[in-house]
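Worksheet: one structure, shown below.
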Amino acid sequence: MSFADEIMKFSNHLKNIKTKIKTEEATKTAMIMPFFQLLGYDVFNPTEFVPEYTADVGIKKGERVDYVIMDKKQNPLILIEAKNYGENLDKHGAQLFRYFAVTSAKIGILTNGTVYQFYSDLEMQNKMDGKPFLIVNLLNLKENHIKELERFTKTMFDMNAILSKAAELKYSSQIKQYFLKEFTEPDNEFVSHILLNIYQGRRTQRVIDDFKPIIKKAIQQLINEKIGEKLQNVLKNEEQIVPTKKVQSIKIKFSKEKKESLMIIKELIKDCIEEKRISTKDNESIFEIDIENNSQKWICKINFDESSIYINLPTKEKEYMKRKIRELSDIYFYKNHLCEVVNKLKRG
């Protein structure tokens with residue numbers, strides 16, 4: 001299973017357990033430690049993942065960092081300060097700031113189990129920046145965040161590469177936030193700068209106030225026009241594809257994969273149902289596996305398209321869940337779910 005699949009699976013797990021987390025200790029054991037274990041660190045090895053690390057700060061002796069990841073020479077590599085699930089992290093940066101100053105660690109992480117804020121000393125050496133260079137919410141993962149998290153896995157960890165990327169992440173994030181704010185509600189300085197290139201008269205406060213709604217509207221129109229252009233390009237490209245040829249190519253391309261997926265599923269559920277009762281329906285890019293040709297009793301559906309494969313499984317909560325799989329062998333991870341589905345369908 002790829003890192004992306006593993007982190008998405010963990011994200012779904014957190015969504016299921018978050019309401020049961022009531023204390024900081026529960027946050028650590030049920031959310032934070034499993035996360036770093038997923039990154040490849042041995043959270044039960046006190047020489048690699050040190051709990052309650054002593055970090056003496058000035059006159060405050062004996063202060064402890066919740067966790068420290070050590071390098072091979074037993075020097076602090078990453079400091080981790082943990083807070084209770086759901087707690088606002090903004091007011092806790094000062095605590096990590098103090099620890100950062102008295103250790104050799106170059107990365108500090110502040111987390112409440114679902115939100116992770118990553119800090120370094122990009123602006124002044126050995127002094128932790130006031131703002132994180134990366135913020136990741138595991139309950140709302142974005143593709144670029146998954147790629148950045150993978151840099152922190154034990155096997156891929158490269159401090160120089162991370163710090164080099166950190167500067168880009170931090171400042172690009174702040175640039176985007178700045179433009180988002182100005183595009184939404186432009187301030188005097190922003191409007192005055194634009195007027196410098198388009199208005200020949202004096203940029204008095206009255207002129208600036210008159211131009212604010214005009215600039216705001218112009219920006220919104222520009223964004224809508226660019227989005228419209230992209231949509232038109234997508235539609236144009238789709239029109240150039242001959243549907244029948246595409247369907248035929250998919251059917252031919254994935255015939256082998258469909259047979260393999262059926263073999264895997266038969267192997268996984270062989271103890272739950274007789275093989276002769278298992279049937280299939282092949283509807284272009286959707287390969288359905290059900291019981292005795294009954295579409296109301298479908299065990300799973302495999303979706304094949306030009307670039308991805310998905311497995312669909314019935315669930316109790318909703319009609320079905322859809323999961324992207326990197327390769328057909330990933331179906332083995334769903335053995336328990338498949339057996340549960342079969343047993344439920346047999347009882348029904």
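Letters A, B, ... mark the chains of the structure tokens in the order given; residue numbers begin at 1 per chain; ligand numbers begin at 1, in order shown.
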Write out, as JSON lines, each residue of segment 82-119 of chain A that has an atom at most 8 Å from segment 15-29 of chain A, together with the closest pair of atoms and their distance in Å to one decimal, counting only C-alpha atoms, rows going by chain and rising number.
```
{"residue": "A:Ala82", "atom": "CA", "partner": "A:Lys28", "partner_atom": "CA", "distance": 7.0}
{"residue": "A:Lys83", "atom": "CA", "partner": "A:Glu24", "partner_atom": "CA", "distance": 5.9}
{"residue": "A:Asn84", "atom": "CA", "partner": "A:Glu24", "partner_atom": "CA", "distance": 4.1}
{"residue": "A:Tyr85", "atom": "CA", "partner": "A:Thr27", "partner_atom": "CA", "distance": 5.8}
{"residue": "A:Asn112", "atom": "CA", "partner": "A:Thr27", "partner_atom": "CA", "distance": 7.2}
{"residue": "A:Gly113", "atom": "CA", "partner": "A:Thr27", "partner_atom": "CA", "distance": 5.9}
```
DSSP on the backbone, helix (DSSP H, G or I) only: what residues of segment 70-118 of chain A does that give? Format it as a PyMOL selection string. chain A and resi 89-101
Contacts of Ile109 of chain A at 8 Å (only C-alpha atoms; same-chain gap of 4+ positions) as a list of chain:residue names: A:Ile78, A:Leu79, A:Ile80, A:Glu81, A:Tyr116, A:Gln117, A:Phe118, A:Tyr119
Tyr332 of chain A surroundings by only C-alpha atoms, 12 Å radius, close-in-sequence under 2 positions cut, as a list in words: Met1, Ser261, Leu262, Met263, Ile264, Ile265, Lys266, Glu267, Leu268, Ile269, Ile311, Ile325, Glu327, Leu328, Ser329, Asp330, Tyr334, Lys335, Asn336, His337, Leu338 and Cys339 of chain A
So which residues touch segment 74-77 of chain A within 8 Å, counting only C-alpha atoms, skipping near sequence neighbours fewer than 6 positions away, as an NGL selection string? :A and (47-48 or 68 or 103-107)
Non-local contacts of segment 299-301 of chain A (6 Å; only C-alpha atoms; under 6 positions in same chain excluded) as a PyMOL selection string: chain A and resi 287-290+311-313
For the residues in the current selection, export C-alpha atoms as a PDB file, in the first residue's frame.
```pdb
ATOM      1  CA  PHE A 287     -17.109  -4.820 -13.199  1.00  0.00           C
ATOM      2  CA  GLU A 288     -19.750  -6.063 -10.737  1.00  0.00           C
ATOM      3  CA  ILE A 289     -19.419  -9.166  -8.568  1.00  0.00           C
ATOM      4  CA  ASP A 290     -22.653 -10.386  -6.996  1.00  0.00           C
ATOM      5  CA  ILE A 311     -13.330  -0.559  -5.473  1.00  0.00           C
ATOM      6  CA  ASN A 312     -16.905   0.067  -4.324  1.00  0.00           C
ATOM      7  CA  LEU A 313     -18.237  -1.757  -1.262  1.00  0.00           C
TER       8      LEU A 313
END
```
Considering only C-alpha atoms, can you say which of A:Glu168, A:Lys216, A:Tyr199, A:Phe157 comes closest to Thr184 of chain A?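 Ranking A:Glu168, A:Lys216, A:Tyr199, A:Phe157 by distance to Thr184 of chain A, first place goes to A:Lys216.
Ranking A:Arg347, A:Ile291, A:Ala4, A:Lys212 by their shortest atom-to-atom distance to Glu143 of chain A, with only C-alpha atoms included, puts A:Ala4 first.
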